[in-house]
file query.cif (mmCIF, C-alpha atoms, pLDDT in the B column; chains and numbers go by the auth columns)
data_model
#
loop_
_atom_site.group_PDB
_atom_site.id
_atom_site.type_symbol
_atom_site.label_atom_id
_atom_site.label_comp_id
_atom_site.label_asym_id
_atom_site.label_seq_id
_atom_site.Cartn_x
_atom_site.Cartn_y
_atom_site.Cartn_z
_atom_site.B_iso_or_equiv
_atom_site.auth_seq_id
_atom_site.auth_asym_id
ATOM 1 C CA MET A 1 77.608 132.568 136.066 63.00 24 A
ATOM 2 C CA ARG A 2 78.133 135.012 133.206 72.00 25 A
ATOM 3 C CA ILE A 3 78.262 133.498 129.739 83.00 26 A
ATOM 4 C CA LYS A 4 80.645 135.379 127.471 86.00 27 A
ATOM 5 C CA PHE A 5 81.126 134.996 123.737 89.00 28 A
ATOM 6 C CA SER A 6 84.467 136.035 122.294 89.00 29 A
ATOM 7 C CA SER A 7 84.748 138.347 119.287 91.00 30 A
ATOM 8 C CA ILE A 8 85.746 135.374 117.115 91.00 31 A
ATOM 9 C CA GLU A 9 82.686 133.433 118.266 93.00 32 A
ATOM 10 C CA LYS A 10 80.406 136.368 117.495 93.00 33 A
ATOM 11 C CA LYS A 11 81.921 136.631 114.016 94.00 34 A
ATOM 12 C CA HIS A 12 81.414 132.906 113.373 94.00 35 A
ATOM 13 C CA ILE A 13 77.854 132.995 114.718 94.00 36 A
ATOM 14 C CA ILE A 14 76.987 135.888 112.396 95.00 37 A
ATOM 15 C CA ILE A 15 78.453 134.122 109.336 95.00 38 A
ATOM 16 C CA ILE A 16 76.740 130.809 110.149 95.00 39 A
ATOM 17 C CA THR A 17 73.432 132.540 110.877 96.00 40 A
ATOM 18 C CA LEU A 18 73.427 134.498 107.613 95.00 41 A
ATOM 19 C CA ILE A 19 74.175 131.452 105.461 94.00 42 A
ATOM 20 C CA LEU A 20 72.021 128.898 107.293 95.00 43 A
ATOM 21 C CA SER A 21 69.019 131.228 107.391 94.00 44 A
ATOM 22 C CA PHE A 22 69.302 131.619 103.601 93.00 45 A
ATOM 23 C CA VAL A 23 69.526 127.830 103.177 94.00 46 A
ATOM 24 C CA PHE A 24 66.445 127.281 105.370 94.00 47 A
ATOM 25 C CA SER A 25 64.453 129.954 103.524 92.00 48 A
ATOM 26 C CA PHE A 26 65.588 128.826 100.041 89.00 49 A
ATOM 27 C CA ARG A 27 62.162 127.470 99.046 86.00 50 A
ATOM 28 C CA GLU A 28 60.159 130.204 100.744 83.00 51 A
ATOM 29 C CA TRP A 29 60.634 133.165 98.425 79.00 52 A
ATOM 30 C CA GLY A 30 57.084 133.033 97.104 67.00 53 A
ATOM 31 C CA ALA A 31 54.625 130.148 96.732 63.00 54 A
ATOM 32 C CA GLU A 32 54.134 130.156 92.940 71.00 55 A
ATOM 33 C CA LYS A 33 56.345 133.027 91.789 77.00 56 A
ATOM 34 C CA PHE A 34 59.259 134.915 93.270 75.00 57 A
ATOM 35 C CA SER A 35 58.321 137.424 95.975 76.00 58 A
ATOM 36 C CA LEU A 36 61.058 139.602 97.427 81.00 59 A
ATOM 37 C CA SER A 37 58.998 140.779 100.395 79.00 60 A
ATOM 38 C CA SER A 38 57.858 137.250 101.268 82.00 61 A
ATOM 39 C CA GLY A 39 61.379 135.880 100.889 82.00 62 A
ATOM 40 C CA LEU A 40 62.983 138.577 103.028 88.00 63 A
ATOM 41 C CA LEU A 41 60.385 138.046 105.760 89.00 64 A
ATOM 42 C CA ASN A 42 61.016 134.291 105.833 88.00 65 A
ATOM 43 C CA TRP A 43 64.786 134.854 105.747 92.00 66 A
ATOM 44 C CA LEU A 44 64.503 137.248 108.705 94.00 67 A
ATOM 45 C CA GLN A 45 62.403 134.744 110.675 93.00 68 A
ATOM 46 C CA TYR A 46 64.910 131.970 110.012 94.00 69 A
ATOM 47 C CA LEU A 47 67.743 134.392 110.832 95.00 70 A
ATOM 48 C CA ILE A 48 66.296 134.907 114.309 95.00 71 A
ATOM 49 C CA ALA A 49 65.556 131.178 114.729 94.00 72 A
ATOM 50 C CA VAL A 50 69.078 130.051 113.760 96.00 73 A
ATOM 51 C CA ALA A 51 70.693 132.682 116.000 95.00 74 A
ATOM 52 C CA ILE A 52 68.555 131.629 118.989 94.00 75 A
ATOM 53 C CA ILE A 53 69.332 127.910 118.596 95.00 76 A
ATOM 54 C CA LEU A 54 73.061 128.449 118.011 94.00 77 A
ATOM 55 C CA ILE A 55 73.466 130.765 121.002 94.00 78 A
ATOM 56 C CA ILE A 56 71.471 128.575 123.406 93.00 79 A
ATOM 57 C CA LYS A 57 73.265 125.403 122.276 94.00 80 A
ATOM 58 C CA GLN A 58 76.701 126.999 122.645 94.00 81 A
ATOM 59 C CA ALA A 59 75.737 128.518 126.011 93.00 82 A
ATOM 60 C CA ALA A 60 74.999 124.974 127.227 93.00 83 A
ATOM 61 C CA HIS A 61 78.426 123.817 126.002 93.00 84 A
ATOM 62 C CA LYS A 62 80.045 126.717 127.873 92.00 85 A
ATOM 63 C CA ILE A 63 78.220 126.049 131.154 91.00 86 A
ATOM 64 C CA ILE A 64 79.091 122.348 131.171 91.00 87 A
ATOM 65 C CA ALA A 65 82.665 123.046 130.061 89.00 88 A
ATOM 66 C CA GLU A 66 83.197 125.410 132.984 87.00 89 A
ATOM 67 C CA LYS A 67 82.021 122.710 135.401 86.00 90 A
ATOM 68 C CA GLN A 68 84.525 120.378 133.747 84.00 91 A
ATOM 69 C CA GLY A 69 87.365 122.837 134.293 83.00 92 A
ATOM 70 C CA ALA A 70 87.488 123.787 130.634 85.00 93 A
ATOM 71 C CA SER A 71 86.235 126.355 128.145 87.00 94 A
ATOM 72 C CA SER A 72 84.223 125.968 124.963 91.00 95 A
ATOM 73 C CA GLU A 73 84.092 128.194 121.898 92.00 96 A
ATOM 74 C CA LEU A 74 81.919 127.959 118.806 93.00 97 A
ATOM 75 C CA ARG A 75 83.675 127.732 115.469 92.00 98 A
ATOM 76 C CA ILE A 76 82.629 127.274 111.866 93.00 99 A
ATOM 77 C CA TRP A 77 83.105 123.562 111.165 91.00 100 A
ATOM 78 C CA SER A 78 86.187 123.363 108.959 86.00 101 A
ATOM 79 C CA ILE A 79 88.742 120.835 107.780 76.00 102 A
ATOM 80 C CA LYS A 80 92.469 121.410 108.192 69.00 103 A
ATOM 81 C CA ARG A 81 93.646 118.713 105.792 61.00 104 A
ATOM 82 C CA TYR A 82 92.891 118.164 102.106 57.00 105 A
ATOM 83 C CA GLY A 83 94.798 114.896 101.658 53.00 106 A
ATOM 84 C CA LEU A 84 96.608 112.098 103.436 53.00 107 A
ATOM 85 C CA GLY A 85 100.185 113.271 102.984 53.00 108 A
ATOM 86 C CA LYS A 86 101.995 115.525 105.448 57.00 109 A
ATOM 87 C CA SER A 87 102.063 118.305 102.888 55.00 110 A
ATOM 88 C CA LYS A 88 98.314 118.032 102.270 58.00 111 A
ATOM 89 C CA GLN A 89 97.238 120.269 105.100 61.00 112 A
ATOM 90 C CA PHE A 90 96.399 123.898 105.741 56.00 113 A
ATOM 91 C CA PRO A 91 97.512 126.653 105.802 57.00 114 A
ATOM 92 C CA VAL A 92 98.058 127.077 102.083 54.00 115 A
ATOM 93 C CA SER A 93 98.574 130.142 99.925 56.00 116 A
ATOM 94 C CA PHE A 94 96.111 130.869 97.150 53.00 117 A
ATOM 95 C CA LEU A 95 96.301 133.988 94.943 50.00 118 A
ATOM 96 C CA GLY A 96 98.325 135.719 97.585 56.00 119 A
ATOM 97 C CA TYR A 97 95.948 134.829 100.418 60.00 120 A
ATOM 98 C CA LYS A 98 96.743 132.484 103.298 60.00 121 A
ATOM 99 C CA ILE A 99 93.961 129.944 103.826 56.00 122 A
ATOM 100 C CA GLU A 100 94.039 128.515 107.358 65.00 123 A
ATOM 101 C CA SER A 101 91.248 125.965 106.881 71.00 124 A
ATOM 102 C CA LEU A 102 88.326 125.065 104.601 78.00 125 A
ATOM 103 C CA PRO A 103 84.773 125.757 105.910 87.00 126 A
ATOM 104 C CA ILE A 104 83.478 122.524 104.413 88.00 127 A
ATOM 105 C CA GLY A 105 80.159 122.670 106.297 91.00 128 A
ATOM 106 C CA LEU A 106 79.096 126.034 104.902 93.00 129 A
ATOM 107 C CA ILE A 107 80.327 125.127 101.410 92.00 130 A
ATOM 108 C CA LEU A 108 78.312 121.888 101.397 93.00 131 A
ATOM 109 C CA SER A 109 75.289 123.674 102.840 94.00 132 A
ATOM 110 C CA ILE A 110 75.223 126.200 99.978 94.00 133 A
ATOM 111 C CA ILE A 111 76.030 123.707 97.197 95.00 134 A
ATOM 112 C CA LEU A 112 73.488 121.091 98.343 94.00 135 A
ATOM 113 C CA SER A 113 70.839 123.763 98.763 93.00 136 A
ATOM 114 C CA PHE A 114 71.196 124.876 95.137 93.00 137 A
ATOM 115 C CA LEU A 115 71.561 121.340 93.743 93.00 138 A
ATOM 116 C CA SER A 116 68.441 120.122 95.578 92.00 139 A
ATOM 117 C CA ASN A 117 66.477 123.341 95.042 89.00 140 A
ATOM 118 C CA GLY A 118 66.345 123.873 98.798 88.00 141 A
ATOM 119 C CA VAL A 119 65.169 120.375 99.718 91.00 142 A
ATOM 120 C CA ILE A 120 68.428 119.466 101.496 92.00 143 A
ATOM 121 C CA ARG A 121 69.160 121.762 104.438 93.00 144 A
ATOM 122 C CA PHE A 122 72.659 120.699 105.389 94.00 145 A
ATOM 123 C CA ALA A 123 73.141 122.116 108.886 93.00 146 A
ATOM 124 C CA ALA A 124 76.406 120.504 110.022 92.00 147 A
ATOM 125 C CA VAL A 125 78.213 123.836 109.979 92.00 148 A
ATOM 126 C CA ALA A 126 79.270 124.564 113.567 92.00 149 A
ATOM 127 C CA SER A 127 81.555 122.850 116.058 91.00 150 A
ATOM 128 C CA SER A 128 82.365 123.482 119.694 90.00 151 A
ATOM 129 C CA GLU A 129 86.075 123.533 120.506 88.00 152 A
ATOM 130 C CA MET A 130 87.054 122.710 124.083 86.00 153 A
ATOM 131 C CA LYS A 131 90.302 123.340 125.926 82.00 154 A
ATOM 132 C CA GLU A 132 91.463 122.789 129.487 72.00 155 A
ATOM 133 C CA GLU A 133 91.415 125.683 131.933 68.00 156 A
ATOM 134 C CA ALA A 134 91.408 125.223 135.734 63.00 157 A
ATOM 135 C CA ARG A 135 91.419 121.461 136.432 59.00 158 A
ATOM 136 C CA ILE A 136 93.231 121.496 139.780 60.00 159 A
ATOM 137 C CA HIS A 137 90.580 119.413 141.529 62.00 160 A
ATOM 138 C CA LYS A 138 90.026 117.053 138.611 64.00 161 A
ATOM 139 C CA LYS A 139 91.376 113.508 138.526 63.00 162 A
ATOM 140 C CA PHE A 140 92.884 113.983 135.057 63.00 163 A
ATOM 141 C CA LYS A 141 94.820 117.031 133.927 70.00 164 A
ATOM 142 C CA ASN A 142 93.502 116.780 130.374 74.00 165 A
ATOM 143 C CA LEU A 143 89.891 116.468 129.258 81.00 166 A
ATOM 144 C CA THR A 144 88.858 112.854 128.789 85.00 167 A
ATOM 145 C CA HIS A 145 86.944 111.603 125.760 88.00 168 A
ATOM 146 C CA THR A 146 84.044 110.836 128.118 89.00 169 A
ATOM 147 C CA GLU A 147 83.887 114.441 129.350 88.00 170 A
ATOM 148 C CA ILE A 148 83.960 115.791 125.804 91.00 171 A
ATOM 149 C CA ALA A 149 81.255 113.296 124.776 93.00 172 A
ATOM 150 C CA LEU A 150 79.075 114.338 127.728 92.00 173 A
ATOM 151 C CA ASN A 151 79.470 118.009 126.843 93.00 174 A
ATOM 152 C CA SER A 152 78.464 117.340 123.244 93.00 175 A
ATOM 153 C CA LEU A 153 75.513 115.150 124.216 93.00 176 A
ATOM 154 C CA ILE A 154 74.125 117.752 126.622 92.00 177 A
ATOM 155 C CA GLY A 155 74.276 120.416 123.905 91.00 178 A
ATOM 156 C CA LEU A 156 72.455 118.122 121.481 91.00 179 A
ATOM 157 C CA SER A 157 69.890 117.112 124.099 92.00 180 A
ATOM 158 C CA LEU A 158 69.103 120.740 124.847 92.00 181 A
ATOM 159 C CA THR A 159 68.420 121.571 121.187 93.00 182 A
ATOM 160 C CA LEU A 160 66.190 118.496 121.005 91.00 183 A
ATOM 161 C CA VAL A 161 64.278 119.601 124.120 91.00 184 A
ATOM 162 C CA LEU A 162 63.870 123.050 122.563 92.00 185 A
ATOM 163 C CA ALA A 163 62.536 121.446 119.379 90.00 186 A
ATOM 164 C CA ILE A 164 59.992 119.447 121.394 88.00 187 A
ATOM 165 C CA LEU A 165 58.969 122.574 123.335 89.00 188 A
ATOM 166 C CA PHE A 166 58.531 124.624 120.161 89.00 189 A
ATOM 167 C CA GLN A 167 56.610 121.750 118.548 86.00 190 A
ATOM 168 C CA THR A 168 54.294 121.538 121.572 84.00 191 A
ATOM 169 C CA LEU A 169 53.601 125.275 121.459 84.00 192 A
ATOM 170 C CA THR A 170 52.959 125.026 117.707 79.00 193 A
ATOM 171 C CA PHE A 171 50.445 122.230 118.336 75.00 194 A
ATOM 172 C CA SER A 172 48.824 124.534 120.907 78.00 195 A
ATOM 173 C CA GLY A 173 48.306 127.269 118.336 77.00 196 A
ATOM 174 C CA ILE A 174 51.461 129.354 118.765 82.00 197 A
ATOM 175 C CA ASN A 175 53.235 129.209 115.415 83.00 198 A
ATOM 176 C CA LEU A 176 56.891 128.412 116.107 87.00 199 A
ATOM 177 C CA ASP A 177 57.372 126.107 113.138 89.00 200 A
ATOM 178 C CA LYS A 178 60.585 127.793 111.961 91.00 201 A
ATOM 179 C CA LEU A 179 62.209 127.491 115.389 92.00 202 A
ATOM 180 C CA THR A 180 61.059 123.861 115.510 91.00 203 A
ATOM 181 C CA THR A 181 62.505 123.092 112.072 91.00 204 A
ATOM 182 C CA VAL A 182 65.847 124.732 112.836 94.00 205 A
ATOM 183 C CA ALA A 183 66.195 123.002 116.221 93.00 206 A
ATOM 184 C CA TYR A 184 65.404 119.533 114.838 92.00 207 A
ATOM 185 C CA THR A 185 67.634 119.986 111.775 93.00 208 A
ATOM 186 C CA ILE A 186 70.666 121.239 113.695 94.00 209 A
ATOM 187 C CA THR A 187 70.255 118.402 116.220 93.00 210 A
ATOM 188 C CA LEU A 188 70.113 115.720 113.534 92.00 211 A
ATOM 189 C CA TYR A 189 73.008 117.009 111.442 93.00 212 A
ATOM 190 C CA SER A 190 75.175 117.496 114.533 92.00 213 A
ATOM 191 C CA LEU A 191 74.824 113.730 115.096 92.00 214 A
ATOM 192 C CA ILE A 192 76.882 112.983 111.981 92.00 215 A
ATOM 193 C CA PRO A 193 80.102 111.313 113.245 92.00 216 A
ATOM 194 C CA LEU A 194 82.535 113.480 111.286 88.00 217 A
ATOM 195 C CA SER A 195 85.610 114.937 112.960 84.00 218 A
ATOM 196 C CA GLY A 196 84.811 118.101 114.905 86.00 219 A
ATOM 197 C CA LEU A 197 81.050 117.562 115.075 91.00 220 A
ATOM 198 C CA ASP A 198 79.182 116.525 118.237 92.00 221 A
ATOM 199 C CA GLY A 199 78.445 113.083 116.810 92.00 222 A
ATOM 200 C CA ALA A 200 82.134 112.235 116.388 93.00 223 A
ATOM 201 C CA LYS A 201 82.924 113.407 119.934 93.00 224 A
ATOM 202 C CA ILE A 202 80.156 111.260 121.404 93.00 225 A
ATOM 203 C CA LEU A 203 81.235 108.254 119.324 93.00 226 A
ATOM 204 C CA LEU A 204 84.846 108.692 120.429 92.00 227 A
ATOM 205 C CA GLY A 205 83.763 108.807 124.067 90.00 228 A
ATOM 206 C CA SER A 206 81.516 105.750 123.875 90.00 229 A
ATOM 207 C CA LYS A 207 80.174 103.758 120.930 92.00 230 A
ATOM 208 C CA MET A 208 77.220 102.519 122.990 94.00 231 A
ATOM 209 C CA LEU A 209 76.396 106.051 124.132 93.00 232 A
ATOM 210 C CA TYR A 210 76.446 107.245 120.528 94.00 233 A
ATOM 211 C CA LEU A 211 74.209 104.432 119.293 94.00 234 A
ATOM 212 C CA ALA A 212 71.744 104.890 122.165 93.00 235 A
ATOM 213 C CA SER A 213 71.570 108.670 121.865 92.00 236 A
ATOM 214 C CA ALA A 214 71.358 108.589 118.059 92.00 237 A
ATOM 215 C CA ALA A 215 68.545 106.017 118.189 93.00 238 A
ATOM 216 C CA ALA A 216 66.650 108.041 120.810 90.00 239 A
ATOM 217 C CA ILE A 217 67.033 111.343 118.959 89.00 240 A
ATOM 218 C CA LEU A 218 66.002 109.819 115.616 88.00 241 A
ATOM 219 C CA LEU A 219 62.999 108.079 117.185 87.00 242 A
ATOM 220 C CA ILE A 220 61.820 111.258 118.903 85.00 243 A
ATOM 221 C CA THR A 221 62.346 113.329 115.760 82.00 244 A
ATOM 222 C CA ILE A 222 60.235 110.899 113.718 80.00 245 A
ATOM 223 C CA LEU A 223 57.515 110.223 116.281 79.00 246 A
ATOM 224 C CA ILE A 224 56.620 113.700 117.509 72.00 247 A
ATOM 225 C CA PRO A 225 55.870 115.393 114.161 66.00 248 A
ATOM 226 C CA THR A 226 53.882 112.375 112.936 67.00 249 A
ATOM 227 C CA ALA A 227 52.221 110.941 116.063 63.00 250 A
ATOM 228 C CA GLY A 228 52.230 113.843 118.503 63.00 251 A
ATOM 229 C CA ILE A 229 53.782 114.688 121.863 62.00 252 A
ATOM 230 C CA ILE A 230 52.104 111.798 123.744 65.00 253 A
ATOM 231 C CA ALA A 231 53.834 109.248 121.499 62.00 254 A
#
call {"tool": "encode", "arguments": {"input": "query.cif", "output": "structure tokens"}}
result
Amino acid sequence: MRIKFSSIEKKHIIIITLILSFVFSFREWGAEKFSLSSGLLNWLQYLIAVAIILIIKQAAHKIIAEKQGASSELRIWSIKRYGLGKSKQFPVSFLGYKIESLPIGLILSIILSFLSNGVIRFAAVASSEMKEEARIHKKFKNLTHTEIALNSLIGLSLTLVLAILFQTLTFSGINLDKLTTVAYTITLYSLIPLSGLDGAKILLGSKMLYLASAAAILLITILIPTAGIIA
């Protein structure tokens, strides 16, 4: 099958990649004093790493979605409400501009990065939006919560497998530490059960599935860097 990314997806991937790569490289612009060349090199390496992980993860969502008789598109994780009342929702007009939604993930990522001096790398910035396509041979016309949860879990599992693979190669002497860091971080933050993120979709599909997958992912993420691949 041919995996296609729409123009909107490409735009969102570029924006996410530029900002996340800066957040990941925040503390790597010189060891003791600022170094432009060192910082730009690290930013470029993280730029490539973030782009690779995002594209592979979304490609997995697309492949599984097609098998489910649906489509999946990557979007910047945003909120469409800013209050509980009916009037507290987007779009809103601000200084003559129409704001459709608030990219809360990217905003938090930048703010937390500066407030923590780069220690916090908030990576819950992308979501995968699914919609029904050809479901003629499916039992249900609309996507079920279980199908959406499965799609999200497979995407998360793939990024975790990539992290383990990159970690293994790093242990073997091939330095892929930036790819490893990005893969682990995106996997963990995607687990957060906030509306639109993979974690919320898995939780909505099955509480037990969410608890089991979250426990497994957290355990693997802790064990491998500290105790090695065998553990």
call {"tool": "closest_residue", "arguments": {"input": "query.cif", "among": "A:Gln68, A:Thr191, A:Asn174, A:Ser61", "to": "Glu152 (chain A)", "atoms": "all atoms listed in the file"}}
result
A:Asn174
call {"tool": "atom_distance", "arguments": {"input": "query.cif", "atom1": "CA of Ile99 (chain A)", "atom2": "CA of Tyr69 (chain A)"}}
result
18.4 Å
call {"tool": "residues_around", "arguments": {"input": "query.cif", "residues": "Ala83 (chain A)", "least_positions_apart": "5", "cutoff": "9 Å", "atoms": "all atoms listed in the file", "output": "list in words"}}
result
Ile78, Ala88, Asn174, Ile177, Gly178 and Leu181 of chain A
call {"tool": "closest_atom_pairs", "arguments": {"input": "query.cif", "of": "region 171-205 of chain A", "to": "region 234-239 of chain A", "cutoff": "10 Å", "atoms": "all atoms listed in the file", "output": "CSV"}}
result
residue,atom,partner,partner_atom,distance
A:Leu176,CA,A:Ser236,CA,7.9
A:Leu179,CA,A:Ser236,CA,9.5
A:Ser180,CA,A:Ser236,CA,8.9
call {"tool": "closest_residue", "arguments": {"input": "query.cif", "among": "A:Glu51, A:Leu211, A:Ala149, A:Gly92", "to": "Thr167 (chain A)", "atoms": "all atoms listed in the file"}}
result
A:Gly92
call {"tool": "closest_residue", "arguments": {"input": "query.cif", "among": "A:Leu183, A:Leu64, A:Ile36, A:Leu70", "to": "Ser151 (chain A)", "atoms": "all atoms listed in the file"}}
result
A:Ile36
call {"tool": "atom_distance", "arguments": {"input": "query.cif", "atom1": "CA of Ser48 (chain A)", "atom2": "CA of Arg144 (chain A)"}}
result
9.5 Å
call {"tool": "residues_around", "arguments": {"input": "query.cif", "residues": "Ser94 (chain A)", "least_positions_apart": "6", "cutoff": "8 Å", "atoms": "all atoms listed in the file", "output": "ChimeraX atom specification"}}
result
/A:85,88,153-156
call {"tool": "atom_distance", "arguments": {"input": "query.cif", "atom1": "CA of Ile39 (chain A)", "atom2": "CA of Ala223 (chain A)"}}
result
20.3 Å
call {"tool": "residues_around", "arguments": {"input": "query.cif", "residues": "region 130-140 of chain A", "least_positions_apart": "5", "cutoff": "7 Å", "atoms": "only C-alpha atoms", "output": "PyMOL selection string"}}
result
chain A and resi 46+145-146
call {"tool": "closest_residue", "arguments": {"input": "query.cif", "among": "A:Leu125, A:Ile209, A:Arg50, A:Asp221", "to": "Val73 (chain A)", "atoms": "all atoms listed in the file"}}
result
A:Ile209
call {"tool": "closest_residue", "arguments": {"input": "query.cif", "among": "A:Ser101, A:Leu173, A:Leu242, A:Val184", "to": "Gly228 (chain A)", "atoms": "all atoms listed in the file"}}
result
A:Leu173
call {"tool": "closest_residue", "arguments": {"input": "query.cif", "among": "A:Val148, A:Leu166, A:Ile143, A:Leu59", "to": "Lys90 (chain A)", "atoms": "only C-alpha atoms"}}
result
A:Leu166
call {"tool": "residues_around", "arguments": {"input": "query.cif", "residues": "Glu32 (chain A)", "least_positions_apart": "2", "cutoff": "7 Å", "atoms": "all atoms listed in the file", "output": "NGL selection string"}}
result
:A and (28-30 or 34-36 or 96-98)
call {"tool": "resolve_selection", "arguments": {"input": "query.cif", "expression": "the PyMOL selection byres ((chain A and resi 201) around 8)", "output": "MDAnalysis selection string"}}
result
chainID A and resid 68:69 72 199:200 202:205
call {"tool": "write_last_selection", "arguments": {"input": "query.cif", "atoms": "C-alpha atoms", "output": "short mmCIF file (atom, residue, chain, number, x, y, z; two decimals), in the coordinates of the input"}}
result
data_model
loop_
_atom_site.label_atom_id
_atom_site.label_comp_id
_atom_site.auth_asym_id
_atom_site.auth_seq_id
_atom_site.Cartn_x
_atom_site.Cartn_y
_atom_site.Cartn_z
CA GLN A 68 62.40 134.74 110.68
CA TYR A 69 64.91 131.97 110.01
CA ALA A 72 65.56 131.18 114.73
CA LEU A 199 56.89 128.41 116.11
CA ASP A 200 57.37 126.11 113.14
CA LEU A 202 62.21 127.49 115.39
CA THR A 203 61.06 123.86 115.51
CA THR A 204 62.50 123.09 112.07
CA VAL A 205 65.85 124.73 112.84
#
